[in-house]
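In what follows, a single structure is set out as structure tokens and then discussed.
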Amino acid sequence: KQEVTQIPAALSVPEGENLVLNCSFTDSAIYNLQWFRQDPGKGLTSLLLIQSSQREQTSGRLNASLDKSSGRSTLYIAASQPGDSATYLCAVNRNSGGSNYKLTFGKGTLLTVNP
Amino acid sequence: EPEVTQTPSHQVTQMGQEVILRCVPISNHLYFYWYRQILGQKVEFLVSFYNNEISEKSEIFDDQFSVERPDGSNFTLKIRSTKLEDSAMYFCASNTNEKLFFGSGTQLSVL
């Protein structure tokens, strides 16, 4: 059974700092991996999607890497801002192919960026 | 950007009552899902739906749960006889390619 673990559970940093969030998964037979942002009272917003054949994806100040063989992914946030404060979730899609998703989520990292 | 819409945002019900959670997926999407998150726990997959039938369901999705796409726009999750442990945030999601869009959720409280 796939298990996804995220470290740290919570992180508090001063504005402007670069930071790394970690995600590990137990079964490397994944189709892709996504990083989501969850704000209180709101849904999940997809930030980055990495296919199993890819090593990294970038969007603005965000960079996500994937090492499928070792079961690890990192989310790098550059020059953090108070607006980045949220819970960041890592989720893996099992090796189903196509566009039919069955995501297994980690518990998330609660990020607080202090002004 | 297009949105997945869920109603109501909060639902309070008595144990044993039936509830229906409603979702309007993005109009051109083909795959629909329900996930839930119990307070303090991980987001969990419940069910996926494609071409008017269930594609896959988790162990959580037992006979008390059902899904339906009654018309061309709505996607519903019904819980026939709610239990205390059904209290959770329920998220609807949809996609047609890799990017998955989630609604903002319905907070279900079973008393």
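Identifiers for the structure tokens are assigned positionally: chains receive A, B, ... in sequence, residues are indexed from 1 per chain, and ligands are indexed from 1 in the order shown.
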Each residue of chain A with at least one atom at most 7 Å from chain B should appear once, together with its nearest atom pair and the corresponding distance in Å (one decimal); atoms considered: only C-alpha atoms; ordering: chain, then increasing residue number; output as JSON lines.
```
{"residue": "A:Gly41", "atom": "CA", "partner": "B:Ser104", "partner_atom": "CA", "distance": 6.9}
{"residue": "A:Lys42", "atom": "CA", "partner": "B:Ser104", "partner_atom": "CA", "distance": 4.5}
{"residue": "A:Gly43", "atom": "CA", "partner": "B:Ser104", "partner_atom": "CA", "distance": 3.6}
{"residue": "A:Leu44", "atom": "CA", "partner": "B:Phe102", "partner_atom": "CA", "distance": 5.6}
{"residue": "A:Thr45", "atom": "CA", "partner": "B:Phe102", "partner_atom": "CA", "distance": 6.9}
{"residue": "A:Ser46", "atom": "CA", "partner": "B:Leu100", "partner_atom": "CA", "distance": 6.9}
{"residue": "A:Ser99", "atom": "CA", "partner": "B:Asn97", "partner_atom": "CA", "distance": 5.4}
{"residue": "A:Asn100", "atom": "CA", "partner": "B:Tyr31", "partner_atom": "CA", "distance": 6.6}
{"residue": "A:Lys102", "atom": "CA", "partner": "B:Phe45", "partner_atom": "CA", "distance": 6.5}
{"residue": "A:Leu103", "atom": "CA", "partner": "B:Phe45", "partner_atom": "CA", "distance": 6.5}
{"residue": "A:Thr104", "atom": "CA", "partner": "B:Glu44", "partner_atom": "CA", "distance": 6.9}
{"residue": "A:Phe105", "atom": "CA", "partner": "B:Val43", "partner_atom": "CA", "distance": 5.9}
{"residue": "A:Gly106", "atom": "CA", "partner": "B:Lys42", "partner_atom": "CA", "distance": 6.2}
{"residue": "A:Lys107", "atom": "CA", "partner": "B:Lys42", "partner_atom": "CA", "distance": 4.7}
```
Would you list, as a ChimeraX atom specification, the residues of chain B that end up in strand (DSSP E) under DSSP run on this structure's backbone?
/B:5-7,10-13,19-24,31-37,43-50,53-57,65-68,75-79,88-95,101-102,106-110
May I have the residues within 6 Å of B:Val24 as a list of chain:residue names, using only C-alpha atoms and disregarding those fewer than 3 positions away in the same chain?
B:Val4, B:Thr5, B:Ser73, B:Asn74
Could those selected residues go to a file with all heavy atoms, as a compact mmCIF listing (two decimals), in the first residue's frame?
```
# COMPACT_ATOMS: atom_id res chain seq x y z
N VAL B 4 -14.37 24.38 -10.00
CA VAL B 4 -15.29 23.34 -9.55
C VAL B 4 -16.08 23.94 -8.39
O VAL B 4 -15.50 24.47 -7.45
CB VAL B 4 -14.53 22.08 -9.09
CG1 VAL B 4 -15.50 21.06 -8.51
CG2 VAL B 4 -13.72 21.49 -10.23
N THR B 5 -17.40 23.86 -8.48
CA THR B 5 -18.26 24.49 -7.48
C THR B 5 -18.93 23.43 -6.62
O THR B 5 -19.48 22.46 -7.15
CB THR B 5 -19.35 25.33 -8.17
OG1 THR B 5 -18.72 26.27 -9.05
CG2 THR B 5 -20.16 26.10 -7.14
N SER B 73 -24.51 18.50 -15.83
CA SER B 73 -23.64 19.44 -15.12
C SER B 73 -23.35 19.05 -13.68
O SER B 73 -22.28 19.34 -13.17
CB SER B 73 -24.23 20.85 -15.15
OG SER B 73 -25.50 20.86 -14.53
N ASN B 74 -24.26 18.38 -12.99
CA ASN B 74 -24.07 18.09 -11.57
C ASN B 74 -23.46 16.72 -11.33
O ASN B 74 -23.65 15.78 -12.12
CB ASN B 74 -25.42 18.18 -10.84
CG ASN B 74 -25.94 19.58 -10.78
OD1 ASN B 74 -25.45 20.40 -10.02
ND2 ASN B 74 -26.94 19.88 -11.60
```
Tell me, as a VMD selection string, which residues lie within 6 Å of stretch 63-72 of chain A, counting only C-alpha atoms; anything in the same chain fewer than 2 positions away does not count.
chain A and resid 23 to 25 28 55 to 58 74 to 76
Those residues you just picked out, can you put them in a file as a tab-separated table (two decimals), in the first residue's frame with N, CA and C atoms?
```tsv
chain	number	residue	atom	x	y	z
A	23	CYS	N	9.08	15.30	0.48
A	23	CYS	CA	8.02	14.31	0.33
A	23	CYS	C	8.68	12.98	-0.01
A	24	SER	N	8.24	11.91	0.64
A	24	SER	CA	8.73	10.57	0.28
A	24	SER	C	7.55	9.63	0.12
A	25	PHE	N	7.73	8.64	-0.75
A	25	PHE	CA	6.66	7.68	-1.01
A	25	PHE	C	7.27	6.29	-1.06
A	28	SER	N	7.46	3.03	-5.75
A	28	SER	CA	7.98	3.88	-6.83
A	28	SER	C	7.18	3.72	-8.14
A	55	ARG	N	12.36	14.87	-14.23
A	55	ARG	CA	13.16	15.05	-13.02
A	55	ARG	C	12.73	16.29	-12.24
A	56	GLU	N	12.23	17.31	-12.95
A	56	GLU	CA	11.81	18.50	-12.24
A	56	GLU	C	10.86	19.33	-13.09
A	57	GLN	N	10.14	20.22	-12.38
A	57	GLN	CA	9.24	21.17	-13.00
A	57	GLN	C	9.39	22.49	-12.26
A	58	THR	N	9.25	23.57	-13.03
A	58	THR	CA	9.39	24.91	-12.44
A	58	THR	C	8.19	25.75	-12.81
A	74	THR	N	11.06	16.94	-3.79
A	74	THR	CA	11.22	18.16	-3.00
A	74	THR	C	10.52	19.31	-3.70
A	75	LEU	N	10.01	20.21	-2.91
A	75	LEU	CA	9.45	21.47	-3.41
A	75	LEU	C	10.31	22.59	-2.87
A	76	TYR	N	10.92	23.32	-3.77
A	76	TYR	CA	11.79	24.43	-3.42
A	76	TYR	C	11.03	25.72	-3.66
```
I'd like to know which of A:Ile7, A:Leu111, A:Leu33, A:Leu48 is closest to A:Ser80, using only C-alpha atoms.
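Of the candidates, the smallest distance to A:Ser80 is held by A:Leu111.
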Could you tell me how far atom CA of A:Pro40 sits from atom CA of B:Gln37, in Å to one decimal place?
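One can read the atom CA of B:Gln37 to atom CA of A:Pro40 distance as 12.7 Å.
For the residues B:Ile79, B:Leu108, B:Val19, B:Ile26, ranking by smallest atom-to-atom distance to B:Pro2 using only C-alpha atoms places B:Ile26 first.
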